[in-house]
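In what follows, a structure is listed as structure tokens, so that the remarks can point back to it.
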Amino acid sequence: MKRYILLLYVVLVSSLMSAQVTFQFSDGIYNESLKVNVERNVSSLLSEINKAEANHRQLNLTNIDIDDMAASGLKSLWTNIHFRCEWNKNVQPCLKDFTGYEIRQIPVEMKPIDNTYKGEIHKELTISFNKKGVITGVRTAIDNNSYVALLHGSNSNVDLRMRREILNFVENFRSYYVEKNINALQEIFSDDALIITGRVIRTLGKNNIDGVSQKVNEKVMYSKQNKQQYINNLRSLFKGNEFINVDFSDIELMRHGSNPNIYGVRLRQKWNSQQYNGRQYSDDGYVFLLWDFQDEGSPKIHVRTWTPKRANQTKDDFSPEDFFIPNN
Amino acid sequence: MTLRRLCTFVVALVACALSCLAQNSIEAINEIKLSGKYFTAEATAESVDEAKNIAFSYLKENIVNYCEEMEIEEVGEDKIMANLQQKSVNRGDAVMVLVYVVKTIVEKKETMTFHPNTSVNTNTNNNNTNTAPVLGSANWPDIIKKVCDVSSFVQLQYLLDMAMDNNLIDSWGKYNSMRNQTECYLVMMNVDRQIVAVLSPAKNGARTDVKTGMVVDSEGMTSFKNCAPICVRVK
């Protein structure tokens, strides 16, 4: 009996130890009080993530200095998928941009709630915070290869600082779908945005060869929408779906030839969602975003197009110059 | 039964040993990153080679940017490769690789002294010892006041680019790339790319520290050893 109690004690202590996660900056932040505050705050957040994952419960963010939008985004993400920090001690540099700070590359292991998850298991967490040390965003990052390729793309005419900034917005944009954050999406599209969406309709038909066996026919339905129509449709989509997984890869950046504030972002999007009635939907295509960075802290998307990925097709064909940009 | 117990014990022991090994690698990686002695970069990929290549390209760019900002002679890829060290740790089916080189790989120019009317230096921290207070406060341009509010090169770069776009300044750039530097404000940046002082254009061979109002003469400028000055020419 004593043995079992001892064993139970060891298991309990070790599980508690593994739930405690610490974070430290290696470099890049020189305001000592801000550094200490953020390290404490991020450590608390990561520890809470691991505790909630271990106990299969919802996140309790009451003791964490996190703004409402970031908290609601993280909670939405948590309802779809759980994850845990792989390392008990994490050390990363602080990256800065004009609007705030960022911590990247915190290794996390995704812990899908059910077997519908089709994404990567080992991902990285990105945490952003403002100048007061308040956490303003917690996101799973796009995959490392895409990140590095985007940052170090030699054929891009976009400088490194801008590439990093656009990448942040791309990551945020992706997470808004996963978190079903309709307000953030409403905010990011310009009022006169042109949005082209597509939906792959799959039907079963008779095979032409034998006329008996069945084959899957795919048909793509395109829809041109303005911002309000798109947001309304998304709102009902978010309501009807249990989860939405969106992955971005093969990201490319282009700067407009004559308007330096306009950037084109071309990326591959893999969409995978499941309705509450269990019906699943997935598609694989290319999204083109025409992004106006005139107000750098709050850029707007003027155009969003989608085309399906076809055999032998590697990318969508749009470039920023294909669109008329009104002079402000 | 005894054999079964033995097998279970061996499996548990191996699992324990593997976990300890991984933990040791993580500890070693964290120590390297915290030491402050190295340029580091990391990446996760399916193979060590792939992760190393990605991390290396990241490291290279970090060093290039550092050299450019600090006006230090660029380090060749061969030299980085020759000094490259690495650590790796498994992450499921993938592997995370940390690549690192000692910071001394970049050669600092130690000999030059900064003078307001002549050339650039590159030496250490700012302890304005040879300065004297100035009476009264000057009316600095708004853009210079904003420059005083930023703390890092990244923020400065953003601010000055925006100021250029909005015609608030005539030009800005590194000291050696600008003409008539005496007419420019100087933003002094230390080796950590943090802004340590903003100095007015030179008047009678001396500049004024915009933040403190102290006059910094040619002797006082020596306290900005190891700083890289950024020139800002206001319209």
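By convention here, the chains of the structure tokens are called A, B, ... in the order presented, each chain's residues are numbered starting at 1, and ligands are numbered starting at 1 in the order presented.
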
- Task: Just need the residues of chain B within 10 Å of chain A, counting only C-alpha atoms, so spit them out as number ranges by chain.
- Result: B: 22-23, 26-27, 29-36, 40-45, 50-51, 54-55, 57-58, 61, 65, 91-96, 150-159, 162, 192-194

Output file for the selection above: C-alpha atoms, as an mmCIF file, in the first residue's frame:
```cif
data_model
loop_
_atom_site.group_PDB
_atom_site.id
_atom_site.type_symbol
_atom_site.label_atom_id
_atom_site.label_comp_id
_atom_site.auth_asym_id
_atom_site.auth_seq_id
_atom_site.Cartn_x
_atom_site.Cartn_y
_atom_site.Cartn_z
ATOM 1 C CA ALA B 22 16.370 15.545 -24.605
ATOM 2 C CA GLN B 23 16.092 17.623 -21.434
ATOM 3 C CA ILE B 26 17.103 21.756 -24.245
ATOM 4 C CA GLU B 27 19.038 23.007 -21.216
ATOM 5 C CA ILE B 29 20.269 25.257 -26.044
ATOM 6 C CA ASN B 30 18.737 27.621 -23.504
ATOM 7 C CA GLU B 31 22.127 28.276 -21.893
ATOM 8 C CA ILE B 32 23.640 29.195 -25.248
ATOM 9 C CA LYS B 33 20.800 31.576 -25.996
ATOM 10 C CA LEU B 34 20.960 33.188 -22.558
ATOM 11 C CA SER B 35 24.745 33.590 -22.490
ATOM 12 C CA GLY B 36 24.662 36.635 -24.776
ATOM 13 C CA THR B 40 21.810 32.259 -32.765
ATOM 14 C CA ALA B 41 19.021 31.036 -35.027
ATOM 15 C CA GLU B 42 16.826 27.969 -34.943
ATOM 16 C CA ALA B 43 14.478 26.062 -37.194
ATOM 17 C CA THR B 44 12.413 22.882 -37.116
ATOM 18 C CA ALA B 45 12.194 20.559 -40.108
ATOM 19 C CA GLU B 50 16.943 20.752 -43.749
ATOM 20 C CA ALA B 51 16.521 22.408 -40.354
ATOM 21 C CA ILE B 54 16.863 27.026 -42.803
ATOM 22 C CA ALA B 55 18.408 28.101 -39.504
ATOM 23 C CA SER B 57 19.962 31.292 -43.732
ATOM 24 C CA TYR B 58 18.199 32.958 -40.825
ATOM 25 C CA GLU B 61 20.591 37.426 -42.378
ATOM 26 C CA ASN B 65 21.599 43.098 -40.581
ATOM 27 C CA ARG B 91 10.410 17.125 -31.737
ATOM 28 C CA GLY B 92 8.320 14.076 -32.563
ATOM 29 C CA ASP B 93 9.126 13.137 -36.144
ATOM 30 C CA ALA B 94 10.802 16.490 -36.707
ATOM 31 C CA VAL B 95 14.029 17.921 -35.376
ATOM 32 C CA MET B 96 14.842 21.365 -34.093
ATOM 33 C CA VAL B 150 11.728 55.824 -29.676
ATOM 34 C CA SER B 151 14.224 53.419 -28.195
ATOM 35 C CA SER B 152 15.347 51.050 -30.911
ATOM 36 C CA PHE B 153 16.680 51.192 -34.453
ATOM 37 C CA VAL B 154 13.660 49.312 -35.797
ATOM 38 C CA GLN B 155 11.325 51.942 -34.419
ATOM 39 C CA LEU B 156 13.599 54.746 -35.613
ATOM 40 C CA GLN B 157 13.711 53.293 -39.112
ATOM 41 C CA TYR B 158 9.926 53.133 -39.258
ATOM 42 C CA LEU B 159 9.540 56.674 -37.940
ATOM 43 C CA MET B 162 7.251 57.694 -42.488
ATOM 44 C CA ASP B 192 22.542 46.580 -28.933
ATOM 45 C CA ARG B 193 20.902 48.836 -31.522
ATOM 46 C CA GLN B 194 19.323 50.914 -28.796
#
```

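Here atom CA of Asn172 of chain A and atom CA of Lys35 of chain A stand 23.9 Å from one another.
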
- Task: Compare A:Gln228, A:Ser175, A:Asn80, A:Asn63 by their minimum atom-to-atom distance to Thr126 of chain A, counting only C-alpha atoms, and give me the closest one.
- Result: A:Ser175

- Task: Check the DSSP output for the backbone and give back, as a PyMOL selection string, the residues of segment 53-279 of chain A in helix (DSSP H, G or I).
- Result: chain A and resi 53-54+68-80+144-151+160-178+182-188+227-240

- Using DSSP on the backbone, list every residue of segment 16-170 of chain A that comes out as strand (DSSP E or B), and give them as a ChimeraX atom specification. /A:22-25,66,81-85,89-92,95-96,101-112,122-129,135-140

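Considering the residues A:Pro308, A:Gly73, A:Gly264, A:Gly137 and counting only C-alpha atoms, Ile196 of chain A has its shortest atom-to-atom contact with A:Pro308.
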
- Item | Nearest residue to Gln280 of chain A from the set A:Val265, A:Tyr117, A:Asp250, A:Lys219 (distances using only C-alpha atoms) |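 The answer is A:Tyr117, which sits nearest to Gln280 of chain A.
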
- Query: Out of A:Gly133, A:Gly198, A:Gly285, A:Gly257, which residue has the shortest atom-to-atom distance to Ser33 of chain A when counting only C-alpha atoms?
  - Reply: A:Gly133

- Item | Counting only C-alpha atoms, the option among A:Phe23, A:Leu59, A:Gln186, A:Ser76 closest to Ile106 of chain A | A:Phe23

- Message: Excluding segment 40-48 of chain A and its own-chain neighbours fewer than 6 positions away, which residues fall within 7 Å of it when counting only C-alpha atoms? Please give them as a PyMOL selection string.
- Response: chain A and resi 19-23+59+64-65+85
